[in-house]
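Student: What follows is the file run-v9.cif, containing mmCIF, C-alpha atoms:
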data_structure
loop_
_atom_site.group_PDB
_atom_site.id
_atom_site.type_symbol
_atom_site.label_atom_id
_atom_site.label_comp_id
_atom_site.auth_asym_id
_atom_site.auth_seq_id
_atom_site.Cartn_x
_atom_site.Cartn_y
_atom_site.Cartn_z
ATOM 1 C CA MET F 17 -17.083 12.261 -4.387
ATOM 2 C CA GLY F 18 -16.314 15.638 -2.892
ATOM 3 C CA THR F 19 -19.186 17.322 -4.641
ATOM 4 C CA MET F 20 -21.977 18.158 -2.279
ATOM 5 C CA LYS F 21 -25.362 18.734 -3.793
ATOM 6 C CA ASN F 22 -26.359 21.204 -1.148
ATOM 7 C CA HIS F 23 -27.751 24.632 -1.838
ATOM 8 C CA ASN F 24 -26.899 26.349 1.398
ATOM 9 C CA PRO F 25 -23.299 27.506 0.887
ATOM 10 C CA ARG F 26 -22.424 27.587 4.605
ATOM 11 C CA GLN F 27 -23.715 24.102 5.084
ATOM 12 C CA THR F 28 -21.862 22.955 1.986
ATOM 13 C CA GLN F 29 -18.619 24.353 3.301
ATOM 14 C CA HIS F 30 -19.192 22.808 6.689
ATOM 15 C CA ALA F 31 -19.754 19.413 5.128
ATOM 16 C CA LEU F 32 -16.677 19.776 2.952
ATOM 17 C CA PHE F 33 -14.562 20.653 6.012
ATOM 18 C CA ALA F 34 -15.848 17.544 7.755
ATOM 19 C CA GLU F 35 -15.100 15.463 4.693
ATOM 20 C CA ILE F 36 -11.581 16.857 4.421
ATOM 21 C CA GLU F 37 -10.982 15.781 7.994
ATOM 22 C CA THR F 38 -11.803 12.172 7.110
ATOM 23 C CA HIS F 39 -8.711 12.105 4.865
ATOM 24 C CA ARG F 40 -6.333 13.066 7.679
ATOM 25 C CA SER F 41 -5.216 9.526 8.494
ATOM 26 C CA TYR F 42 -4.494 8.798 4.824
ATOM 27 C CA MET F 43 -2.476 12.000 4.550
ATOM 28 C CA LEU F 44 -0.559 11.116 7.678
ATOM 29 C CA ARG F 45 0.418 7.805 6.172
ATOM 30 C CA PHE F 46 1.429 9.451 2.934
ATOM 31 C CA ALA F 47 3.582 11.996 4.763
ATOM 32 C CA THR F 48 5.098 9.382 7.065
ATOM 33 C CA ALA F 49 6.031 7.229 4.067
ATOM 34 C CA LYS F 50 7.777 10.196 2.502
ATOM 35 C CA LEU F 51 9.367 11.761 5.567
ATOM 36 C CA ARG F 52 9.940 8.784 7.888
ATOM 37 C CA ASP F 53 9.433 10.971 10.919
ATOM 38 C CA ALA F 54 5.986 10.782 12.464
ATOM 39 C CA VAL F 55 6.211 14.121 14.251
ATOM 40 C CA GLU F 56 7.353 15.969 11.158
ATOM 41 C CA ALA F 57 4.685 14.191 9.148
ATOM 42 C CA GLU F 58 2.038 15.359 11.582
ATOM 43 C CA GLU F 59 3.175 18.970 11.261
ATOM 44 C CA ILE F 60 3.201 18.867 7.488
ATOM 45 C CA VAL F 61 -0.259 17.306 7.353
ATOM 46 C CA GLN F 62 -1.517 20.024 9.657
ATOM 47 C CA GLU F 63 -0.021 22.667 7.351
ATOM 48 C CA ALA F 64 -1.514 20.993 4.298
ATOM 49 C CA LEU F 65 -4.960 20.713 5.880
ATOM 50 C CA LEU F 66 -4.902 24.363 6.849
ATOM 51 C CA ALA F 67 -3.881 25.293 3.336
ATOM 52 C CA ALA F 68 -6.679 23.117 1.965
ATOM 53 C CA LEU F 69 -9.286 24.656 4.252
ATOM 54 C CA GLY F 70 -8.105 28.084 3.190
ATOM 55 C CA SER F 71 -8.571 27.316 -0.466
ATOM 56 C CA VAL F 72 -11.611 25.066 -0.675
ATOM 57 C CA GLU F 73 -12.982 27.280 -3.456
ATOM 58 C CA SER F 74 -10.177 26.048 -5.696
ATOM 59 C CA PHE F 75 -11.350 22.450 -5.316
ATOM 60 C CA SER F 76 -13.170 21.939 -8.567
ATOM 61 C CA GLY F 77 -14.521 18.464 -7.926
ATOM 62 C CA GLN F 78 -12.862 17.258 -11.113
ATOM 63 C CA SER F 79 -10.455 15.073 -9.175
ATOM 64 C CA THR F 80 -11.374 13.234 -6.012
ATOM 65 C CA LEU F 81 -11.034 15.157 -2.794
ATOM 66 C CA ARG F 82 -8.224 12.832 -1.763
ATOM 67 C CA THR F 83 -6.283 13.501 -4.951
ATOM 68 C CA TRP F 84 -6.666 17.233 -4.470
ATOM 69 C CA LEU F 85 -5.555 17.050 -0.831
ATOM 70 C CA THR F 86 -2.629 14.842 -1.789
ATOM 71 C CA SER F 87 -1.399 17.348 -4.345
ATOM 72 C CA ILE F 88 -1.391 20.054 -1.673
ATOM 73 C CA LEU F 89 0.393 17.710 0.692
ATOM 74 C CA LYS F 90 3.036 16.896 -1.930
ATOM 75 C CA PHE F 91 3.867 20.571 -2.295
ATOM 76 C CA LYS F 92 4.167 20.934 1.456
ATOM 77 C CA ILE F 93 6.456 17.911 1.661
ATOM 78 C CA ILE F 94 8.732 19.130 -1.137
ATOM 79 C CA ASP F 95 8.854 22.533 0.455
ATOM 80 C CA PHE F 96 9.727 20.997 3.811
ATOM 81 C CA GLN F 97 12.415 18.752 2.321
ATOM 82 C CA ARG F 98 14.060 21.707 0.646
ATOM 83 C CA ARG F 99 14.186 23.516 3.964
ATOM 84 C CA VAL F 100 15.576 20.497 5.771
ATOM 85 C CA ILE F 101 18.221 19.603 3.192
ATOM 86 C CA SER F 102 19.814 22.961 3.602
ATOM 87 C CA GLU F 103 19.678 22.617 7.373
ATOM 88 C CA ARG F 104 21.088 19.227 8.066
ATOM 89 C CA ALA F 105 22.941 16.329 6.527
ATOM 90 C CA HIS F 106 21.006 13.297 5.484
ATOM 91 C CA PHE F 107 21.543 10.196 7.579
ATOM 92 C CA ALA F 108 20.507 6.927 6.041
ATOM 93 C CA GLN F 109 18.514 4.697 8.336
ATOM 94 C CA ALA F 110 19.744 1.210 9.015
ATOM 95 C CA PRO F 111 17.481 -1.396 7.445
ATOM 96 C CA GLU F 112 15.443 -3.081 10.145
ATOM 97 C CA ASP F 113 15.138 -6.426 8.421
ATOM 98 C CA ASP F 114 17.994 -8.702 7.595
ATOM 99 C CA ASP F 115 17.247 -9.160 3.927
ATOM 100 C CA ASP F 116 19.009 -12.514 3.571
ATOM 101 C CA ALA F 117 17.054 -14.501 6.107
ATOM 102 C CA ASP F 118 13.302 -14.732 5.848
ATOM 103 C CA PRO F 119 11.542 -13.742 9.040
ATOM 104 C CA ALA F 120 9.904 -16.536 11.048
ATOM 105 C CA TRP F 121 6.333 -15.529 10.164
ATOM 106 C CA PHE F 122 7.278 -15.786 6.513
ATOM 107 C CA ASP F 123 8.630 -19.306 6.845
ATOM 108 C CA LYS F 124 5.499 -20.397 8.690
ATOM 109 C CA MET F 125 3.384 -19.759 5.594
ATOM 110 C CA PHE F 126 5.093 -22.635 3.801
ATOM 111 C CA ASP F 127 5.890 -26.206 4.823
ATOM 112 C CA GLU F 128 9.363 -27.689 4.527
ATOM 113 C CA THR F 129 8.784 -28.606 0.870
ATOM 114 C CA GLY F 130 7.773 -25.038 0.079
ATOM 115 C CA HIS F 131 4.023 -25.642 -0.231
ATOM 116 C CA TRP F 132 1.487 -23.234 1.201
ATOM 117 C CA GLN F 133 0.312 -24.179 4.651
ATOM 118 C CA PRO F 134 -2.563 -24.022 4.947
ATOM 119 C CA ARG F 135 -3.647 -23.995 1.284
ATOM 120 C CA LEU F 136 -4.935 -20.664 0.020
ATOM 121 C CA SER F 137 -8.617 -20.539 -0.771
ATOM 122 C CA ALA F 138 -10.157 -17.983 -3.072
ATOM 123 C CA TRP F 139 -11.733 -14.860 -1.589
ATOM 124 C CA ALA F 140 -15.469 -14.541 -2.036
ATOM 125 C CA ASN F 141 -16.584 -11.354 -3.825
ATOM 126 C CA PRO F 142 -13.498 -9.306 -3.083
ATOM 127 C CA ASP F 143 -14.778 -6.421 -5.195
ATOM 128 C CA ASP F 144 -17.679 -5.919 -2.786
ATOM 129 C CA ALA F 145 -15.132 -5.217 -0.070
ATOM 130 C CA LEU F 146 -13.841 -2.277 -2.126
ATOM 131 C CA GLU F 147 -17.177 -0.553 -1.537
ATOM 132 C CA GLN F 148 -16.928 -0.741 2.231
ATOM 133 C CA GLN F 149 -15.188 1.755 4.459
ATOM 134 C CA GLN F 150 -14.756 -0.844 7.160
ATOM 135 C CA PHE F 151 -12.652 -2.894 4.806
ATOM 136 C CA PHE F 152 -10.347 0.040 4.169
ATOM 137 C CA ALA F 153 -10.005 0.488 7.930
ATOM 138 C CA VAL F 154 -8.873 -3.136 8.179
ATOM 139 C CA PHE F 155 -6.416 -2.492 5.334
ATOM 140 C CA GLU F 156 -4.969 0.481 7.228
ATOM 141 C CA ARG F 157 -4.575 -1.593 10.367
ATOM 142 C CA CYS F 158 -2.830 -4.289 8.379
ATOM 143 C CA MET F 159 -0.410 -1.758 6.875
ATOM 144 C CA ASP F 160 0.307 -0.409 10.354
ATOM 145 C CA LYS F 161 1.500 -3.827 11.434
ATOM 146 C CA LEU F 162 4.293 -3.920 8.842
ATOM 147 C CA PRO F 163 7.801 -2.911 9.936
ATOM 148 C CA GLY F 164 8.511 0.766 9.210
ATOM 149 C CA ALA F 165 10.696 0.492 6.118
ATOM 150 C CA THR F 166 8.590 -2.324 4.645
ATOM 151 C CA SER F 167 5.473 -0.278 5.164
ATOM 152 C CA ARG F 168 7.013 2.823 3.536
ATOM 153 C CA VAL F 169 8.221 0.870 0.525
ATOM 154 C CA PHE F 170 4.829 -0.780 0.043
ATOM 155 C CA PHE F 171 3.013 2.539 0.374
ATOM 156 C CA LYS F 172 5.281 4.206 -2.168
ATOM 157 C CA ARG F 173 5.057 1.340 -4.642
ATOM 158 C CA GLU F 174 1.380 0.408 -4.462
ATOM 159 C CA VAL F 175 -0.494 3.356 -3.003
ATOM 160 C CA ILE F 176 1.476 6.204 -4.566
ATOM 161 C CA GLY F 177 2.532 4.116 -7.576
ATOM 162 C CA GLN F 178 6.220 5.095 -7.660
ATOM 163 C CA ASP F 179 8.547 2.866 -9.649
ATOM 164 C CA THR F 180 11.091 0.773 -7.811
ATOM 165 C CA ASP F 181 14.135 2.728 -9.077
ATOM 166 C CA GLU F 182 12.818 5.861 -7.511
ATOM 167 C CA ILE F 183 11.993 4.072 -4.265
ATOM 168 C CA CYS F 184 15.490 2.539 -4.092
ATOM 169 C CA LYS F 185 17.030 5.968 -4.401
ATOM 170 C CA GLU F 186 14.812 7.513 -1.764
ATOM 171 C CA GLU F 187 15.317 4.642 0.653
ATOM 172 C CA ASP F 188 18.966 4.102 -0.253
ATOM 173 C CA ILE F 189 18.501 0.355 -0.806
ATOM 174 C CA SER F 190 19.294 -2.027 -3.655
ATOM 175 C CA ALA F 191 16.670 -3.114 -6.163
ATOM 176 C CA SER F 192 16.716 -6.685 -4.903
ATOM 177 C CA ASN F 193 16.292 -5.495 -1.346
ATOM 178 C CA CYS F 194 13.325 -3.483 -2.518
ATOM 179 C CA TRP F 195 11.737 -6.514 -4.229
ATOM 180 C CA VAL F 196 12.229 -8.607 -1.117
ATOM 181 C CA MET F 197 10.555 -5.990 1.036
ATOM 182 C CA LEU F 198 7.642 -5.634 -1.355
ATOM 183 C CA HIS F 199 7.147 -9.375 -1.473
ATOM 184 C CA ARG F 200 7.141 -9.628 2.318
ATOM 185 C CA ALA F 201 4.721 -6.739 2.559
ATOM 186 C CA ARG F 202 2.319 -8.352 0.088
ATOM 187 C CA LEU F 203 2.454 -11.721 1.810
ATOM 188 C CA ALA F 204 1.855 -10.167 5.193
ATOM 189 C CA LEU F 205 -0.989 -7.977 3.934
ATOM 190 C CA ARG F 206 -2.628 -10.847 2.091
ATOM 191 C CA GLU F 207 -2.545 -12.903 5.243
ATOM 192 C CA CYS F 208 -3.829 -10.055 7.392
ATOM 193 C CA LEU F 209 -6.764 -9.309 5.066
ATOM 194 C CA ASP F 210 -7.527 -12.993 4.855
ATOM 195 C CA ARG F 211 -7.612 -13.386 8.621
ATOM 196 C CA ASN F 212 -9.419 -10.159 9.446
ATOM 197 C CA TRP F 213 -11.913 -9.911 6.642
ATOM 198 C CA PHE F 214 -12.306 -12.697 4.154
ATOM 199 C CA GLN F 215 -12.346 -15.649 6.515
ATOM 200 C CA GLY F 216 -15.766 -16.097 8.014
ATOM 201 C CA ALA F 217 -17.702 -13.192 9.458
ATOM 202 C CA LYS F 218 -16.088 -9.815 9.038
ATOM 203 C CA SER F 219 -15.366 -7.997 12.237
ATOM 204 C CA VAL I 24 17.463 -19.189 -7.642
ATOM 205 C CA ASN I 25 16.545 -22.703 -8.655
ATOM 206 C CA SER I 26 18.655 -25.303 -10.377
ATOM 207 C CA GLU I 27 17.548 -25.813 -13.978
ATOM 208 C CA ASN I 28 15.460 -28.935 -13.690
ATOM 209 C CA ALA I 29 13.958 -28.582 -10.271
ATOM 210 C CA LYS I 30 10.305 -27.692 -10.230
ATOM 211 C CA LEU I 31 9.270 -24.471 -8.659
ATOM 212 C CA SER I 32 7.905 -24.683 -5.130
ATOM 213 C CA CYS I 33 4.935 -22.543 -4.086
ATOM 214 C CA LYS I 34 7.284 -20.416 -2.043
ATOM 215 C CA GLU I 35 9.395 -19.642 -5.107
ATOM 216 C CA ALA I 36 6.348 -19.232 -7.321
ATOM 217 C CA ALA I 37 4.931 -16.709 -4.840
ATOM 218 C CA ARG I 38 8.142 -14.715 -4.971
ATOM 219 C CA LEU I 39 8.048 -14.623 -8.781
ATOM 220 C CA MET I 40 4.401 -13.552 -8.810
ATOM 221 C CA SER I 41 5.255 -10.712 -6.490
ATOM 222 C CA ASN I 42 8.408 -9.806 -8.431
ATOM 223 C CA ARG I 43 6.562 -9.608 -11.736
ATOM 224 C CA GLN I 44 4.670 -6.644 -10.347
ATOM 225 C CA ASP I 45 7.996 -4.844 -9.969
ATOM 226 C CA ARG I 46 10.319 -6.135 -12.664
ATOM 227 C CA ALA I 47 10.242 -8.131 -15.894
ATOM 228 C CA LEU I 48 10.724 -11.845 -15.321
ATOM 229 C CA SER I 49 13.230 -13.756 -17.452
ATOM 230 C CA ASP I 50 11.855 -16.162 -20.065
ATOM 231 C CA ALA I 51 12.892 -19.099 -17.889
ATOM 232 C CA GLU I 52 11.137 -17.645 -14.861
ATOM 233 C CA THR I 53 8.000 -16.952 -16.855
ATOM 234 C CA GLU I 54 7.955 -20.476 -18.197
ATOM 235 C CA GLU I 55 8.520 -22.106 -14.817
ATOM 236 C CA LEU I 56 5.845 -19.984 -13.236
ATOM 237 C CA LYS I 57 3.368 -20.768 -15.982
ATOM 238 C CA ASN I 58 3.920 -24.486 -15.499
ATOM 239 C CA HIS I 59 3.558 -24.221 -11.772
ATOM 240 C CA LEU I 60 0.315 -22.257 -12.004
ATOM 241 C CA LEU I 61 -1.242 -24.859 -14.297
ATOM 242 C CA ASN I 62 -1.124 -27.371 -11.484
ATOM 243 C CA CYS I 63 -1.487 -25.279 -8.368
ATOM 244 C CA LEU I 64 -4.826 -23.867 -7.221
ATOM 245 C CA SER I 65 -3.363 -22.174 -4.129
ATOM 246 C CA CYS I 66 -0.928 -20.234 -6.264
ATOM 247 C CA ARG I 67 -3.642 -19.241 -8.738
ATOM 248 C CA ASN I 68 -5.593 -17.916 -5.764
ATOM 249 C CA PHE I 69 -2.496 -16.096 -4.591
ATOM 250 C CA SER I 70 -2.086 -14.542 -8.016
ATOM 251 C CA ASP I 71 -5.669 -13.239 -7.943
ATOM 252 C CA GLN I 72 -5.186 -11.915 -4.445
ATOM 253 C CA LEU I 73 -2.020 -10.061 -5.433
ATOM 254 C CA SER I 74 -3.878 -8.310 -8.243
ATOM 255 C CA PHE I 75 -6.647 -7.492 -5.835
ATOM 256 C CA LEU I 76 -4.160 -6.077 -3.338
ATOM 257 C CA ARG I 77 -2.757 -3.838 -6.050
ATOM 258 C CA ASN I 78 -6.235 -2.545 -6.937
ATOM 259 C CA LEU I 79 -7.021 -2.065 -3.292
ATOM 260 C CA ALA I 80 -3.914 0.053 -2.662
ATOM 261 C CA LYS I 81 -4.665 2.097 -5.761
ATOM 262 C CA SER I 82 -8.282 2.766 -4.770
ATOM 263 C CA TYR I 83 -7.081 3.634 -1.309
ATOM 264 C CA GLY I 84 -4.755 6.235 -2.822
ATOM 265 C CA HIS I 85 -7.656 7.714 -4.757
ATOM 266 C CA GLY I 86 -9.860 7.951 -1.710
ATOM 267 C CA SER I 87 -12.244 5.068 -2.236
ATOM 268 C CA PRO I 88 -14.749 4.354 -1.006
ATOM 269 C CA PRO I 89 -16.268 7.823 -0.707
ATOM 270 C CA PRO I 90 -16.891 8.653 2.942
ATOM 271 C CA GLU I 91 -20.465 8.510 4.089
ATOM 272 C CA ASP I 92 -21.976 11.968 4.049
ATOM 273 C CA ALA I 93 -20.616 13.762 7.049
ATOM 274 C CA PRO I 94 -23.381 15.313 9.113
ATOM 275 C CA ALA I 95 -23.550 19.004 8.288
#
Would you kindly transcribe this structure into structure tokens?

Tutor:
Amino acid sequence: MGTMKNHNPRQTQHALFAEIETHRSYMLRFATAKLRDAVEAEEIVQEALLAALGSVESFSGQSTLRTWLTSILKFKIIDFQRRVISERAHFAQAPEDDDDADPAWFDKMFDETGHWQPRLSAWANPDDALEQQQFFAVFERCMDKLPGATSRVFFKREVIGQDTDEICKEEDISASNCWVMLHRARLALRECLDRNWFQGAKS
Amino acid sequence: VNSENAKLSCKEAARLMSNRQDRALSDAETEELKNHLLNCLSCRNFSDQLSFLRNLAKSYGHGSPPPEDAPA
């Protein structure tokens, strides 16, 4: 993916720089999920990108470019967290969703007997969508619409692949709270992808 | 949770399908869900879409699809 079959080294480097830049928004989401603070996340991503640009020779092409960039970013985040922990106390954020009551949008997906409304139809050729950048842009927009904590928990669980115990600790929430948030995130994302991609003509 | 004999609604089935991606379901939950899925096309579609969503998030984390070649 990040391997450029180009024989002019300057051009190769230029192309790699441009390609690295295309991963910025992913890295920002990763950092925001981990740090909660958008401004801090932006700074760390900037640091990580600079570090990456300064060491492009060490990118072997054995992992994807995104995986390589993410490993640099992880180091930067850990480094930052160490600095911050010694500087200030940790304040837990109040959960933004009341986890007992389902939000109104959630209830609207089901009728009073608990059946889907409307019925869910199958998606046509979903795997084709995985080949299209536009589809991933829709996915990002859908994730952006989730409430902050829900979005972080989903990102950690499904994009990063952390287990729920670890997420609970980081977010300072109970396991059942975590499951509720993940379920809401999946329902909302399913609906969003359905509406913005799979139903009728894609935008 | 549900009383023993009541059948699972789609809403409850959906929650279990989501939960099984994060925790092990009890035998009773597994059984109830299995029975519900036998008779419910919407929920079978939901199940497929949940798996797809998981793959999607994973590919996203790995940087798929590869960006189009940036102009040099």

Student: Starting from chain F, keep only residues with some atom at most 8 Å from an atom of chain I, counting only C-alpha atoms, and report them as a VMD selection string.

Tutor: chain F and resid 17 27 to 28 30 to 31 34 to 35 38 to 39 80 to 83 126 129 to 132 135 to 139 142 146 to 149 152 171 174 to 177 179 to 180 195 198 to 199 202 206

Student: Could you write those residues out with C-alpha atoms, as a short mmCIF file (atom, residue, chain, number, x, y, z; two decimals), in the frame of the given file?

Tutor:
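Okay, again-v6.cif is ready:
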data_model
loop_
_atom_site.label_atom_id
_atom_site.label_comp_id
_atom_site.auth_asym_id
_atom_site.auth_seq_id
_atom_site.Cartn_x
_atom_site.Cartn_y
_atom_site.Cartn_z
CA MET F 17 -17.08 12.26 -4.39
CA GLN F 27 -23.72 24.10 5.08
CA THR F 28 -21.86 22.96 1.99
CA HIS F 30 -19.19 22.81 6.69
CA ALA F 31 -19.75 19.41 5.13
CA ALA F 34 -15.85 17.54 7.76
CA GLU F 35 -15.10 15.46 4.69
CA THR F 38 -11.80 12.17 7.11
CA HIS F 39 -8.71 12.10 4.86
CA THR F 80 -11.37 13.23 -6.01
CA LEU F 81 -11.03 15.16 -2.79
CA ARG F 82 -8.22 12.83 -1.76
CA THR F 83 -6.28 13.50 -4.95
CA PHE F 126 5.09 -22.64 3.80
CA THR F 129 8.78 -28.61 0.87
CA GLY F 130 7.77 -25.04 0.08
CA HIS F 131 4.02 -25.64 -0.23
CA TRP F 132 1.49 -23.23 1.20
CA ARG F 135 -3.65 -24.00 1.28
CA LEU F 136 -4.93 -20.66 0.02
CA SER F 137 -8.62 -20.54 -0.77
CA ALA F 138 -10.16 -17.98 -3.07
CA TRP F 139 -11.73 -14.86 -1.59
CA PRO F 142 -13.50 -9.31 -3.08
CA LEU F 146 -13.84 -2.28 -2.13
CA GLU F 147 -17.18 -0.55 -1.54
CA GLN F 148 -16.93 -0.74 2.23
CA GLN F 149 -15.19 1.76 4.46
CA PHE F 152 -10.35 0.04 4.17
CA PHE F 171 3.01 2.54 0.37
CA GLU F 174 1.38 0.41 -4.46
CA VAL F 175 -0.49 3.36 -3.00
CA ILE F 176 1.48 6.20 -4.57
CA GLY F 177 2.53 4.12 -7.58
CA ASP F 179 8.55 2.87 -9.65
CA THR F 180 11.09 0.77 -7.81
CA TRP F 195 11.74 -6.51 -4.23
CA LEU F 198 7.64 -5.63 -1.36
CA HIS F 199 7.15 -9.38 -1.47
CA ARG F 202 2.32 -8.35 0.09
CA ARG F 206 -2.63 -10.85 2.09
#

Student: Identify all residues satisfying the PyMOL selection byres ((chain F and resi 62-74) around 8) in the given file; provide them as a PyMOL selection string.

Tutor: chain F and resi 33+36+40+58-61+75-76+85+88-89+92

Student: Can you spell out as a PDB file with C-alpha atoms, keeping the file's coordinate frame the set of residues that the PyMOL selection byres ((chain F and resi 187) around 9) selects in the structure I just provided?

Tutor:
ATOM      1  CA  ALA F 108      20.507   6.927   6.041  1.00  0.00           C
ATOM      2  CA  GLN F 109      18.514   4.697   8.336  1.00  0.00           C
ATOM      3  CA  ALA F 165      10.696   0.492   6.118  1.00  0.00           C
ATOM      4  CA  ARG F 168       7.013   2.823   3.536  1.00  0.00           C
ATOM      5  CA  VAL F 169       8.221   0.870   0.525  1.00  0.00           C
ATOM      6  CA  GLU F 182      12.818   5.861  -7.511  1.00  0.00           C
ATOM      7  CA  ILE F 183      11.993   4.072  -4.265  1.00  0.00           C
ATOM      8  CA  CYS F 184      15.490   2.539  -4.092  1.00  0.00           C
ATOM      9  CA  LYS F 185      17.030   5.968  -4.401  1.00  0.00           C
ATOM     10  CA  GLU F 186      14.812   7.513  -1.764  1.00  0.00           C
ATOM     11  CA  ASP F 188      18.966   4.102  -0.253  1.00  0.00           C
ATOM     12  CA  ILE F 189      18.501   0.355  -0.806  1.00  0.00           C
ATOM     13  CA  SER F 190      19.294  -2.027  -3.655  1.00  0.00           C
ATOM     14  CA  CYS F 194      13.325  -3.483  -2.518  1.00  0.00           C
TER      15      CYS F 194
END

Student: At a cut-off of 9 Å from (-0.3, -6.1, 8.1) in the coordinates of the file, what residues are picked up using all atoms listed in the file, written as number ranges by chain?

Tutor: F: 155-163, 167, 201-209

Student: Just say which residues the PyMOL selection byres ((chain F and resi 50) around 10) picks in this file, as JSON, numbers by chain.

Tutor: {"F": [44, 45, 46, 47, 48, 49, 51, 52, 53, 57, 90, 93, 94, 97, 168, 169, 171, 172, 186, 187]}
